[in-house]
$ cat work-v8.cif   # mmCIF, C-alpha atoms
data_entry
#
loop_
_atom_site.label_atom_id
_atom_site.label_comp_id
_atom_site.auth_asym_id
_atom_site.auth_seq_id
_atom_site.Cartn_x
_atom_site.Cartn_y
_atom_site.Cartn_z
CA MET A 1 70.64 125.34 64.54
CA LYS A 2 72.16 128.35 66.27
CA GLY A 3 69.72 129.47 68.95
CA THR A 4 66.01 129.03 68.37
CA ILE A 5 64.27 130.15 65.21
CA LYS A 6 60.51 130.08 64.85
CA MET A 7 59.78 129.74 61.16
CA ILE A 8 56.68 128.96 59.16
CA CYS A 9 56.63 127.99 55.47
CA LEU A 10 54.42 129.12 52.61
CA ILE A 11 54.68 127.05 49.41
CA LEU A 12 53.47 128.83 46.28
CA GLY A 13 51.38 126.52 44.14
CA GLY A 14 51.69 128.68 41.05
CA GLY A 15 49.04 130.02 38.74
CA GLN A 16 47.13 128.21 36.03
CA GLY A 17 50.23 126.26 34.99
CA SER A 18 49.58 126.85 31.30
CA ARG A 19 53.18 126.01 30.32
CA LEU A 20 52.68 122.51 31.75
CA TYR A 21 49.43 121.97 29.85
CA PRO A 22 47.93 119.39 29.26
CA LEU A 23 49.33 117.90 32.49
CA THR A 24 47.65 120.77 34.35
CA SER A 25 44.29 120.57 32.59
CA SER A 26 42.66 118.77 35.55
CA ARG A 27 45.17 119.29 38.38
CA SER A 28 47.23 122.11 39.85
CA LYS A 29 50.92 122.30 39.00
CA PRO A 30 52.12 121.01 42.43
CA ALA A 31 49.92 117.92 41.98
CA VAL A 32 51.59 116.82 38.72
CA PRO A 33 53.13 113.32 39.16
CA ILE A 34 56.92 113.01 38.95
CA GLY A 35 59.43 110.18 39.34
CA GLY A 36 56.84 107.41 39.00
CA LYS A 37 55.33 107.70 42.49
CA TYR A 38 55.66 111.28 43.72
CA ARG A 39 53.97 114.62 43.11
CA LEU A 40 55.85 117.90 42.57
CA ILE A 41 54.57 119.21 45.90
CA ASP A 42 56.39 116.35 47.67
CA ILE A 43 59.74 117.98 46.87
CA PRO A 44 59.44 121.24 48.87
CA ILE A 45 57.49 119.50 51.64
CA SER A 46 60.18 116.81 51.96
CA ASN A 47 62.90 119.47 52.04
CA CYS A 48 61.03 121.18 54.87
CA ILE A 49 60.55 117.97 56.87
CA ASN A 50 64.22 117.02 56.43
CA SER A 51 65.18 120.52 57.62
CA GLY A 52 62.97 120.45 60.72
CA VAL A 53 60.39 122.88 59.29
CA ARG A 54 57.05 121.25 60.07
CA ARG A 55 54.48 124.02 59.71
CA MET A 56 53.56 124.49 56.05
CA PHE A 57 50.82 126.15 54.05
CA VAL A 58 50.41 125.42 50.32
CA LEU A 59 48.89 128.36 48.41
CA THR A 60 46.88 127.45 45.34
CA GLN A 61 43.87 128.55 43.32
CA PHE A 62 43.55 126.37 40.20
CA ASN A 63 42.31 122.76 40.09
CA SER A 64 43.20 122.15 43.73
CA ALA A 65 41.00 119.08 44.41
CA SER A 66 43.70 116.55 43.43
CA LEU A 67 46.32 118.43 45.45
CA ASN A 68 44.00 118.61 48.48
CA ARG A 69 43.40 114.88 48.30
CA HIS A 70 47.10 114.06 48.01
CA ILE A 71 48.09 116.22 50.97
CA LYS A 72 45.20 114.93 53.11
CA ASN A 73 46.18 111.31 52.39
CA THR A 74 49.92 111.81 52.81
CA TYR A 75 51.05 114.24 55.49
CA HIS A 76 49.92 113.26 58.98
CA PHE A 77 51.91 114.52 61.95
CA ASP A 78 51.41 113.01 65.40
CA ASN A 79 49.00 114.48 67.95
CA PHE A 80 51.83 115.77 70.13
CA SER A 81 53.46 117.76 67.33
CA ALA A 82 52.61 121.22 66.04
CA GLY A 83 53.38 120.04 62.50
CA PHE A 84 50.89 120.38 59.63
CA VAL A 85 50.58 120.81 55.88
CA ASP A 86 47.45 122.81 55.01
CA ILE A 87 46.01 124.12 51.76
CA LEU A 88 45.22 127.83 51.47
CA ALA A 89 43.14 128.33 48.34
CA ALA A 90 42.43 131.79 46.94
CA GLU A 91 39.26 133.15 48.53
CA GLN A 92 37.16 136.26 48.61
CA THR A 93 37.46 138.22 51.86
CA PRO A 94 36.22 141.60 53.11
CA ASN A 95 39.63 143.00 52.16
CA SER A 96 39.92 141.42 48.72
CA ASP A 97 37.50 140.04 46.14
CA LYS A 98 40.24 139.00 43.68
CA TRP A 99 42.17 135.82 43.05
CA PHE A 100 45.91 135.83 43.65
CA GLN A 101 47.49 138.30 41.23
CA GLY A 102 51.07 137.07 41.69
CA THR A 103 53.50 135.51 44.14
CA ALA A 104 53.61 138.47 46.54
CA ASP A 105 49.87 139.02 46.35
CA ALA A 106 49.26 135.35 47.20
CA VAL A 107 51.36 135.69 50.37
CA ARG A 108 49.83 139.08 51.26
CA GLN A 109 46.28 137.71 50.99
CA SER A 110 47.22 134.66 53.09
CA MET A 111 48.98 136.42 55.96
CA HIS A 112 45.82 136.64 58.09
CA HIS A 113 45.80 132.82 58.30
CA LEU A 114 49.13 132.97 60.14
CA THR A 115 47.97 135.13 63.05
CA GLY A 116 47.29 132.16 65.32
CA HIS A 117 50.85 130.84 64.96
CA GLU A 118 54.04 131.91 66.70
CA PHE A 119 56.82 132.66 64.23
CA ASP A 120 59.57 135.20 63.61
CA TYR A 121 60.51 134.20 60.07
CA VAL A 122 58.65 133.20 56.91
CA LEU A 123 60.15 130.68 54.48
CA ILE A 124 58.66 131.05 50.99
CA LEU A 125 59.12 128.26 48.44
CA SER A 126 57.95 127.36 44.96
CA GLY A 127 55.86 124.24 44.39
CA ASP A 128 57.38 123.33 41.02
CA GLN A 129 61.13 122.92 41.54
CA LEU A 130 63.35 119.85 41.85
CA TYR A 131 66.18 120.15 44.40
CA GLN A 132 67.37 119.01 47.83
CA MET A 133 68.24 121.79 50.28
CA ASP A 134 68.81 121.99 54.04
CA PHE A 135 66.84 125.06 55.11
CA LYS A 136 68.51 124.93 58.54
CA LEU A 137 71.74 126.08 56.91
CA MET A 138 69.96 128.87 55.06
CA ALA A 139 68.23 129.98 58.28
CA GLU A 140 71.55 130.04 60.16
CA PHE A 141 73.05 132.14 57.37
CA HIS A 142 70.04 134.49 57.57
CA LEU A 143 70.62 134.96 61.32
CA ASP A 144 74.37 135.49 60.89
CA GLN A 145 73.72 138.15 58.25
CA ASN A 146 71.08 139.81 60.45
CA ALA A 147 69.10 139.99 57.23
CA ASP A 148 65.59 141.26 56.65
CA LEU A 149 65.37 139.08 53.56
CA THR A 150 67.60 136.25 52.37
CA ILE A 151 67.30 135.02 48.78
CA ALA A 152 68.68 131.63 47.75
CA THR A 153 70.76 132.11 44.62
CA ILE A 154 72.42 129.71 42.22
CA PRO A 155 75.42 130.51 39.99
CA VAL A 156 74.55 130.37 36.28
CA ASP A 157 76.44 131.12 33.09
CA LYS A 158 75.88 133.78 30.43
CA GLN A 159 73.63 131.49 28.40
CA ASP A 160 71.17 130.83 31.25
CA ALA A 161 71.28 134.23 33.00
CA PRO A 162 68.65 135.96 30.76
CA GLU A 163 66.05 133.44 31.98
CA PHE A 164 66.31 134.51 35.64
CA GLY A 165 66.25 137.40 38.04
CA ILE A 166 69.96 138.21 38.52
CA MET A 167 71.46 139.62 41.73
CA LYS A 168 74.49 141.90 41.99
CA VAL A 169 76.13 140.71 45.23
CA ASN A 170 79.12 142.16 47.09
CA LYS A 171 81.83 140.26 48.97
CA HIS A 172 79.73 140.35 52.17
CA ASN A 173 76.88 138.45 50.44
CA VAL A 174 74.69 141.57 50.45
CA ILE A 175 72.54 142.10 47.36
CA GLU A 176 73.14 145.60 46.04
CA THR A 177 70.97 145.59 42.92
CA PHE A 178 68.62 143.26 41.06
CA ILE A 179 67.47 142.90 37.46
CA GLU A 180 64.69 140.68 36.13
CA LYS A 181 65.68 138.64 33.04
CA PRO A 182 68.53 140.87 31.79
CA LYS A 183 69.32 141.25 28.09
CA PRO A 184 72.57 139.55 26.99
CA ASP A 185 74.20 142.88 26.11
CA VAL A 186 74.12 144.14 29.73
CA LEU A 187 75.29 140.95 31.44
CA SER A 188 78.89 142.12 31.82
CA ASN A 189 77.68 144.52 34.53
CA TRP A 190 75.99 141.79 36.57
CA THR A 191 78.77 139.44 37.67
CA SER A 192 79.19 138.68 41.39
CA PRO A 193 81.91 137.10 43.55
CA VAL A 194 81.77 133.30 43.25
CA PRO A 195 84.30 130.52 44.08
CA ALA A 196 87.17 130.24 41.58
CA PRO A 197 86.03 126.90 40.03
CA LEU A 198 82.64 128.41 39.22
CA LYS A 199 84.16 131.60 37.82
CA LYS A 200 86.38 129.48 35.57
CA LYS A 201 83.24 127.85 34.17
CA GLY A 202 81.64 131.24 33.56
CA ARG A 203 79.06 130.69 36.29
CA GLU A 204 79.46 134.13 37.86
CA TYR A 205 75.86 135.37 37.62
CA LEU A 206 73.75 134.76 40.72
CA ALA A 207 70.18 133.83 39.80
CA SER A 208 67.24 133.92 42.18
CA MET A 209 65.89 130.45 42.95
CA GLY A 210 62.54 131.79 44.15
CA ILE A 211 63.37 130.65 47.70
CA TYR A 212 63.15 133.35 50.37
CA ILE A 213 63.41 133.80 54.13
CA PHE A 214 61.80 137.01 55.41
CA ARG A 215 61.91 138.45 58.87
CA LYS A 216 58.22 138.66 59.78
CA ASP A 217 58.15 142.35 60.62
CA ALA A 218 60.15 143.20 57.47
CA LEU A 219 57.69 141.30 55.28
CA LYS A 220 54.73 143.13 56.82
CA ARG A 221 56.46 146.52 56.36
CA LEU A 222 57.27 145.75 52.73
CA PHE A 223 53.64 144.84 52.06
CA ASP A 224 52.45 148.06 53.74
CA GLU A 225 54.98 150.19 51.86
CA ASN A 226 54.27 148.59 48.49
CA PRO A 227 50.51 147.92 48.37
CA ASP A 228 50.47 147.61 44.58
CA ALA A 229 53.35 145.09 44.32
CA THR A 230 51.92 141.74 43.24
CA ASP A 231 55.12 139.79 42.56
CA PHE A 232 58.27 139.22 44.61
CA GLY A 233 60.67 139.31 41.66
CA LYS A 234 59.22 142.37 39.95
CA GLY A 235 57.99 144.31 42.98
CA ILE A 236 58.92 143.37 46.53
CA ILE A 237 62.60 142.43 46.05
CA PRO A 238 63.58 145.60 44.11
CA ALA A 239 61.66 147.69 46.65
CA ALA A 240 63.47 146.02 49.55
CA ILE A 241 66.88 146.64 47.98
CA ASN A 242 66.10 150.24 47.00
CA SER A 243 64.62 151.05 50.42
CA GLY A 244 67.71 150.02 52.35
CA TYR A 245 66.56 146.69 53.76
CA ASN A 246 69.31 144.19 54.54
CA VAL A 247 68.90 141.76 51.62
CA SER A 248 71.38 138.87 51.51
CA SER A 249 72.27 136.17 49.00
CA TYR A 250 72.55 132.55 50.16
CA GLN A 251 74.63 130.82 47.48
CA PHE A 252 73.54 127.27 46.64
CA ASP A 253 75.68 125.19 44.29
CA HIS A 254 73.90 121.85 44.06
CA TYR A 255 71.32 120.45 41.66
CA TRP A 256 68.26 122.65 41.16
CA THR A 257 65.86 122.89 38.25
CA ASP A 258 62.65 124.76 37.67
CA ILE A 259 59.85 122.56 36.28
CA GLY A 260 58.41 125.37 34.20
CA ASN A 261 57.36 123.66 30.97
CA ILE A 262 56.83 120.27 29.32
CA ARG A 263 60.42 119.99 28.08
CA SER A 264 61.97 120.68 31.52
CA PHE A 265 59.48 118.29 33.14
CA TYR A 266 60.32 115.56 30.63
CA GLU A 267 64.09 115.98 30.98
CA ALA A 268 64.03 116.19 34.79
CA ASN A 269 62.09 112.91 34.99
CA LEU A 270 64.33 111.00 32.59
CA GLU A 271 67.51 112.28 34.30
CA LEU A 272 66.37 110.32 37.38
CA CYS A 273 67.26 107.21 35.36
CA ASP A 274 70.92 108.19 34.93
CA ASN A 275 73.66 106.07 36.52
CA LEU A 276 74.45 108.86 38.99
CA PRO A 277 71.48 111.24 38.82
CA LYS A 278 72.00 114.81 40.00
CA PHE A 279 68.79 114.50 42.01
CA ASN A 280 69.31 111.49 44.25
CA LEU A 281 66.19 109.54 45.21
CA PHE A 282 68.37 106.90 46.90
CA ASP A 283 69.55 108.82 49.98
CA ASN A 284 69.30 107.78 53.62
CA HIS A 285 68.90 111.33 54.90
CA LYS A 286 67.46 113.50 52.12
CA ARG A 287 64.36 111.38 51.74
CA ILE A 288 61.48 112.27 49.45
CA TYR A 289 58.18 111.59 51.17
CA SER A 290 54.93 110.78 49.44
CA ARG A 291 51.71 108.87 49.88
CA ALA A 292 52.25 105.40 51.34
CA ARG A 293 50.31 103.04 49.09
CA ALA A 294 49.57 99.43 50.02
CA LEU A 295 50.56 98.14 46.58
CA ALA A 296 52.09 94.83 45.58
CA PRO A 297 55.64 94.71 44.16
CA SER A 298 55.89 95.14 40.41
CA LYS A 299 56.27 91.99 38.32
CA PHE A 300 57.78 91.37 34.88
CA PHE A 301 57.42 88.72 32.22
CA GLY A 302 60.43 88.42 29.88
CA THR A 303 61.05 92.19 29.86
CA ARG A 304 64.46 93.70 29.22
CA LEU A 305 64.92 96.71 31.51
CA ASN A 306 67.63 99.32 30.99
CA LYS A 307 68.24 102.54 32.96
CA SER A 308 64.63 102.85 34.05
CA ILE A 309 62.62 103.54 37.20
CA VAL A 310 59.58 101.37 37.89
CA ALA A 311 57.16 102.19 40.70
CA GLU A 312 55.05 99.75 42.73
CA GLY A 313 52.11 97.70 41.56
CA CYS A 314 53.04 97.33 37.87
CA ILE A 315 52.34 94.32 35.65
CA VAL A 316 54.75 94.40 32.72
CA HIS A 317 54.93 92.00 29.76
CA ALA A 318 56.83 94.47 27.55
CA LYS A 319 59.70 93.43 25.30
CA LEU A 320 61.87 96.45 26.27
CA ILE A 321 61.75 99.41 28.66
CA ASP A 322 64.68 101.72 28.04
CA TYR A 323 65.50 105.01 29.83
CA SER A 324 61.94 105.48 31.02
CA VAL A 325 59.93 106.22 34.16
CA ILE A 326 57.06 103.78 34.79
CA GLY A 327 54.44 104.97 37.30
CA VAL A 328 52.30 103.13 39.82
CA ARG A 329 49.89 100.40 38.62
CA SER A 330 51.13 100.56 35.04
CA ARG A 331 50.05 97.70 32.79
CA ILE A 332 52.13 97.11 29.63
CA GLY A 333 51.38 94.38 27.11
CA GLU A 334 53.51 91.79 25.32
CA LYS A 335 56.07 92.78 22.63
CA THR A 336 55.66 96.48 23.49
CA VAL A 337 58.70 98.79 23.46
CA VAL A 338 58.91 101.87 25.70
CA LYS A 339 61.87 104.21 25.14
CA ASN A 340 62.66 107.67 26.53
CA ALA A 341 59.14 107.91 27.91
CA ILE A 342 57.24 108.77 31.06
CA ILE A 343 54.31 106.46 31.84
CA MET A 344 52.42 107.93 34.81
CA GLY A 345 50.40 104.78 35.48
CA ASN A 346 46.88 104.37 36.82
CA ASP A 347 44.85 105.55 39.79
CA TYR A 348 43.24 102.11 40.26
CA TYR A 349 43.24 98.54 38.94
CA GLN A 350 40.69 97.13 36.59
CA SER A 351 39.57 93.69 37.72
CA LEU A 352 39.93 90.71 35.40
CA GLU A 353 36.14 90.49 35.31
CA GLU A 354 35.89 94.09 34.05
CA ILE A 355 38.45 93.47 31.33
CA VAL A 356 36.75 90.26 30.19
CA LEU A 357 33.19 91.58 30.34
CA GLN A 358 34.03 94.84 28.55
CA LYS A 359 35.46 93.23 25.43
CA ASP A 360 34.55 96.23 23.28
CA GLU A 361 36.50 98.64 25.49
CA ILE A 362 40.27 99.09 25.55
CA PRO A 363 41.64 98.14 28.99
CA MET A 364 43.56 100.67 31.05
CA GLY A 365 47.28 100.66 30.27
CA ILE A 366 49.31 99.97 27.13
CA GLY A 367 48.37 97.10 24.84
CA LYS A 368 50.42 94.55 22.89
CA SER A 369 53.03 95.25 20.19
CA CYS A 370 53.09 99.00 20.78
CA HIS A 371 55.99 101.41 20.41
CA ILE A 372 56.08 104.38 22.80
CA GLU A 373 59.00 106.81 22.41
CA GLN A 374 59.70 110.44 23.41
CA ALA A 375 56.30 110.65 25.03
CA ILE A 376 54.50 111.39 28.28
CA ILE A 377 51.49 109.17 28.99
CA ASP A 378 49.28 110.75 31.66
CA LYS A 379 47.30 108.68 34.15
CA ASP A 380 44.46 106.27 33.36
CA CYS A 381 45.08 106.20 29.60
CA ARG A 382 43.80 103.32 27.45
CA ILE A 383 46.14 102.45 24.58
CA GLY A 384 45.12 99.63 22.25
CA ASN A 385 47.29 97.09 20.45
CA ASN A 386 49.77 97.87 17.64
CA VAL A 387 49.86 101.57 18.51
CA ILE A 388 52.87 103.74 17.63
CA ILE A 389 53.40 106.95 19.60
CA LYS A 390 56.71 108.52 18.68
CA GLY A 391 57.77 112.07 19.42
CA ASP A 392 60.43 113.87 17.43
CA ASN A 393 61.98 117.32 17.72
CA SER A 394 60.94 118.10 14.14
CA LEU A 395 57.22 117.81 14.94
CA PRO A 396 55.20 121.07 15.12
CA ASN A 397 53.18 121.86 18.24
CA SER A 398 49.59 120.67 17.91
CA GLU A 399 46.59 119.50 19.92
CA THR A 400 43.79 116.98 19.43
CA GLU A 401 41.07 115.65 21.71
CA HIS A 402 43.33 113.03 23.29
CA TYR A 403 46.89 114.32 22.96
CA CYS A 404 49.19 117.29 22.42
CA ILE A 405 52.58 117.57 20.77
CA VAL A 406 54.76 120.04 22.70
CA GLU A 407 58.36 120.75 21.71
CA GLY A 408 58.53 117.40 19.93
CA ILE A 409 57.14 115.44 22.90
CA VAL A 410 53.83 113.60 22.49
CA VAL A 411 51.73 114.12 25.64
CA LEU A 412 48.66 111.92 26.05
CA LYS A 413 45.99 113.64 28.11
CA LYS A 414 44.67 112.03 31.28
CA LYS A 415 42.16 109.25 30.49
CA ALA A 416 42.95 109.42 26.76
CA ILE A 417 41.67 106.55 24.61
CA ILE A 418 43.88 105.47 21.70
CA PRO A 419 42.35 102.79 19.41
CA ASP A 420 44.21 99.77 17.99
CA GLY A 421 46.64 100.57 15.19
CA THR A 422 46.79 104.34 15.81
CA ARG A 423 49.89 106.19 14.60
CA ILE A 424 50.90 109.42 16.40
CA GLY A 425 54.00 111.53 15.78
CA LYS A 426 57.06 110.65 13.72
CA ILE A 427 56.26 107.53 11.74
CA ASN A 428 59.11 106.20 9.55
#
$ encode --input "work-v8.cif" --output "structure tokens"
Amino acid sequence: MKGTIKMICLILGGGQGSRLYPLTSSRSKPAVPIGGKYRLIDIPISNCINSGVRRMFVLTQFNSASLNRHIKNTYHFDNFSAGFVDILAAEQTPNSDKWFQGTADAVRQSMHHLTGHEFDYVLILSGDQLYQMDFKLMAEFHLDQNADLTIATIPVDKQDAPEFGIMKVNKHNVIETFIEKPKPDVLSNWTSPVPAPLKKKGREYLASMGIYIFRKDALKRLFDENPDATDFGKGIIPAAINSGYNVSSYQFDHYWTDIGNIRSFYEANLELCDNLPKFNLFDNHKRIYSRARALAPSKFFGTRLNKSIVAEGCIVHAKLIDYSVIGVRSRIGEKTVVKNAIIMGNDYYQSLEEIVLQKDEIPMGIGKSCHIEQAIIDKDCRIGNNVIIKGDNSLPNSETEHYCIVEGIVVLKKKAIIPDGTRIGKIN
């Protein structure tokens, strides 16, 4: 990195995570499992570690116990390093008796926790995105631009632009204006300079990725000047641009997706099974870190596997697993078929004695002769024998005690119990 930059990172854990319900019914959004063995929070933390940023706070306020436990059990820096990953939960203070009201308010309320640390820049990230970025390069760009605020942007096309905050950027990478989720009829006024191959594809709208680097003094001034601004996208960023701050755009043209709802979560997981996935878990340098579990290798009995990811500690007798993600400690019975599904696995093993002695109870895992398709099975579920769970895009959204149907995807709630012979979803 050019010169020395003292930077600290704040990772926004998000609000209640209602769009990821029921996966967020008992855990915060950053604690949602992904890729068979990781949690969403592992993505921004791994990006930071790989970029040399080793001082991180995770801001959260809903269902944070699971997230606390994961971070405590995972991220240990040595005694001779200043590195840490700490949780900052919303709290009542003499200056505020309210929970976080938005992204900017969460950072504003947490700033007093940073006073004991030396830093010149604040890196602000989201806890629910899937991407691999070198923040050293973004920091160097920030220094070269002499920026007060640098916003990571990604080129999108006309179809996707209305879903984002869109920046109007000049040829010097300075953001001149900003609009939150523009209507399609005004998009022609919001194109920015992009490389020719992207322009040819129509990707000439620069969308905010929700990744920011602030100069510390600029962030404090913006908070003082805009005491009622609770959100970066709706309040702080427009105020910075309109008040003459140097706001720059750092263009990023690699894989990035926002895990905002059940459909995007489902698709992002299954895309990891592609021949050449856009998000590469198999990289020597851009590693994804997570909790190191002392689990046995997975073992299979006559199972046909196709384009699937299987985590550690699984015992699989299934007939077929096709284009699916199988999480840690999963148990799948004989003649069962799993297709286009996410099985999150189990938090612990049942002993053989427990399974034998509790004959009236369904064991943890998936039983014999089941068919699981277009579904997400949360952790510690008990699925009996001869069960069919089959999502379909024609199914209406609905909810029962043990499962939801969201955008055609059947989502079993954590610890759901599904008796033998149950039929859920699209049954031919």
$ resolve_selection --input "work-v8.cif" --expression "the PyMOL selection byres ((chain A and resi 29) around 9)" --output "MDAnalysis selection string"
chainID A and resid 13:17 20 23:24 27:28 30:32 40:41 62:63 67 127:128
$ write_last_selection --input "work-v8.cif" --atoms "C-alpha atoms" --output "short mmCIF file (atom, residue, chain, number, x, y, z; two decimals), in the coordinates of the input"
data_model
loop_
_atom_site.label_atom_id
_atom_site.label_comp_id
_atom_site.auth_asym_id
_atom_site.auth_seq_id
_atom_site.Cartn_x
_atom_site.Cartn_y
_atom_site.Cartn_z
CA GLY A 13 51.38 126.52 44.14
CA GLY A 14 51.69 128.68 41.05
CA GLY A 15 49.04 130.02 38.74
CA GLN A 16 47.13 128.21 36.03
CA GLY A 17 50.23 126.26 34.99
CA LEU A 20 52.68 122.51 31.75
CA LEU A 23 49.33 117.90 32.49
CA THR A 24 47.65 120.77 34.35
CA ARG A 27 45.17 119.29 38.38
CA SER A 28 47.23 122.11 39.85
CA PRO A 30 52.12 121.01 42.43
CA ALA A 31 49.92 117.92 41.98
CA VAL A 32 51.59 116.82 38.72
CA LEU A 40 55.85 117.90 42.57
CA ILE A 41 54.57 119.21 45.90
CA PHE A 62 43.55 126.37 40.20
CA ASN A 63 42.31 122.76 40.09
CA LEU A 67 46.32 118.43 45.45
CA GLY A 127 55.86 124.24 44.39
CA ASP A 128 57.38 123.33 41.02
#
$ residues_around --input "work-v8.cif" --residues "Lys299 in chain A" --least-positions-apart "3" --cutoff "7 Å" --atoms "all atoms listed in the file" --output "ChimeraX atom specification"
/A:314-316
$ residues_around --input "work-v8.cif" --residues "range 244-258 of chain A" --least-positions-apart "6" --cutoff "6 Å" --atoms "all atoms listed in the file" --output "PyMOL selection string"
chain A and resi 129-131+147-154+173-175+278
$ closest_residue --input "work-v8.cif" --among "A:Ile417, A:Ile288, A:Leu59, A:Ile355" --to "Asp378 in chain A" --atoms "only C-alpha atoms"
A:Ile417
$ residues_around --input "work-v8.cif" --residues "Asp86 in chain A" --least-positions-apart "3" --cutoff "8 Å" --atoms "only C-alpha atoms" --output "list in words"
Met56, Phe57, Val58 and Ile71 of chain A
$ residues_near_point --input "work-v8.cif" --point "(48.3, 139.3, 43.7)" --cutoff "7 Å" --atoms "all atoms listed in the file" --output "ChimeraX atom specification"
/A:100-106,230-231
$ residues_near_point --input "work-v8.cif" --point "(47.0, 96.6, 28.9)" --cutoff "6 Å" --atoms "only C-alpha atoms" --output "VMD selection string"
chain A and resid 331 to 333 363 to 367
$ closest_residue --input "work-v8.cif" --among "A:Lys171, A:Lys379, A:Arg263, A:Lys181" --to "Gly327 in chain A" --atoms "only C-alpha atoms"
A:Lys379
$ atom_distance --input "work-v8.cif" --atom1 "CA of Ile124 in chain A" --atom2 "CA of Asn189 in chain A"
28.5 Å
$ atom_distance --input "work-v8.cif" --atom1 "CA of Lys183 in chain A" --atom2 "CA of Met209 in chain A"
18.7 Å
$ resolve_selection --input "work-v8.cif" --expression "the PyMOL selection byres ((chain A and resi 388) around 9)" --output "compact mmCIF listing (two decimals) with C-alpha atoms, keeping the file's coordinate frame"
# COMPACT_ATOMS: atom_id res chain seq x y z
CA SER A 369 53.03 95.25 20.19
CA CYS A 370 53.09 99.00 20.78
CA HIS A 371 55.99 101.41 20.41
CA ILE A 372 56.08 104.38 22.80
CA GLU A 373 59.00 106.81 22.41
CA ASN A 386 49.77 97.87 17.64
CA VAL A 387 49.86 101.57 18.51
CA ILE A 389 53.40 106.95 19.60
CA LYS A 390 56.71 108.52 18.68
CA GLY A 421 46.64 100.57 15.19
CA THR A 422 46.79 104.34 15.81
CA ARG A 423 49.89 106.19 14.60
CA ILE A 424 50.90 109.42 16.40
CA GLY A 425 54.00 111.53 15.78
CA LYS A 426 57.06 110.65 13.72
CA ILE A 427 56.26 107.53 11.74
$ atom_distance --input "work-v8.cif" --atom1 "CA of Thr191 in chain A" --atom2 "CA of Leu206 in chain A"
7.5 Å
$ decode --input "work-v8.cif" --residues "range 9-47 of chain A" --atoms "C-alpha atoms" --output "PDB file, in the first residue's frame"
ATOM      1  CA  CYS A   9     -13.711  -1.354   9.778  1.00  0.00           C
ATOM      2  CA  LEU A  10     -17.364  -1.274  10.804  1.00  0.00           C
ATOM      3  CA  ILE A  11     -19.532  -4.080   9.401  1.00  0.00           C
ATOM      4  CA  LEU A  12     -23.255  -3.341   9.392  1.00  0.00           C
ATOM      5  CA  GLY A  13     -25.234  -6.347  10.562  1.00  0.00           C
ATOM      6  CA  GLY A  14     -28.507  -5.059   9.153  1.00  0.00           C
ATOM      7  CA  GLY A  15     -31.874  -4.675  10.796  1.00  0.00           C
ATOM      8  CA  GLN A  16     -34.435  -7.335  11.581  1.00  0.00           C
ATOM      9  CA  GLY A  17     -33.725  -9.151   8.319  1.00  0.00           C
ATOM     10  CA  SER A  18     -37.417  -9.637   7.584  1.00  0.00           C
ATOM     11  CA  ARG A  19     -36.807 -10.321   3.873  1.00  0.00           C
ATOM     12  CA  LEU A  20     -34.696 -13.352   4.848  1.00  0.00           C
ATOM     13  CA  TYR A  21     -37.371 -14.712   7.194  1.00  0.00           C
ATOM     14  CA  PRO A  22     -37.673 -17.500   8.371  1.00  0.00           C
ATOM     15  CA  LEU A  23     -33.872 -17.925   8.232  1.00  0.00           C
ATOM     16  CA  THR A  24     -33.620 -14.849  10.486  1.00  0.00           C
ATOM     17  CA  SER A  25     -36.299 -15.867  12.973  1.00  0.00           C
ATOM     18  CA  SER A  26     -33.710 -16.976  15.564  1.00  0.00           C
ATOM     19  CA  ARG A  27     -30.461 -15.457  14.252  1.00  0.00           C
ATOM     20  CA  SER A  28     -29.241 -12.147  12.863  1.00  0.00           C
ATOM     21  CA  LYS A  29     -28.768 -11.802   9.118  1.00  0.00           C
ATOM     22  CA  PRO A  30     -24.926 -11.997   9.245  1.00  0.00           C
ATOM     23  CA  ALA A  31     -25.199 -15.312  11.129  1.00  0.00           C
ATOM     24  CA  VAL A  32     -27.217 -17.059   8.386  1.00  0.00           C
ATOM     25  CA  PRO A  33     -25.285 -20.129   7.102  1.00  0.00           C
ATOM     26  CA  ILE A  34     -24.069 -20.079   3.493  1.00  0.00           C
ATOM     27  CA  GLY A  35     -22.050 -22.425   1.293  1.00  0.00           C
ATOM     28  CA  GLY A  36     -22.453 -25.444   3.573  1.00  0.00           C
ATOM     29  CA  LYS A  37     -19.941 -24.399   6.248  1.00  0.00           C
ATOM     30  CA  TYR A  38     -19.756 -20.602   6.397  1.00  0.00           C
ATOM     31  CA  ARG A  39     -21.844 -17.741   7.751  1.00  0.00           C
ATOM     32  CA  LEU A  40     -22.616 -14.551   5.811  1.00  0.00           C
ATOM     33  CA  ILE A  41     -20.454 -12.540   8.211  1.00  0.00           C
ATOM     34  CA  ASP A  42     -17.425 -14.616   7.158  1.00  0.00           C
ATOM     35  CA  ILE A  43     -17.446 -12.911   3.742  1.00  0.00           C
ATOM     36  CA  PRO A  44     -16.702  -9.285   4.754  1.00  0.00           C
ATOM     37  CA  ILE A  45     -14.408 -10.423   7.574  1.00  0.00           C
ATOM     38  CA  SER A  46     -12.412 -12.634   5.181  1.00  0.00           C
ATOM     39  CA  ASN A  47     -12.163  -9.772   2.677  1.00  0.00           C
TER      40      ASN A  47
END
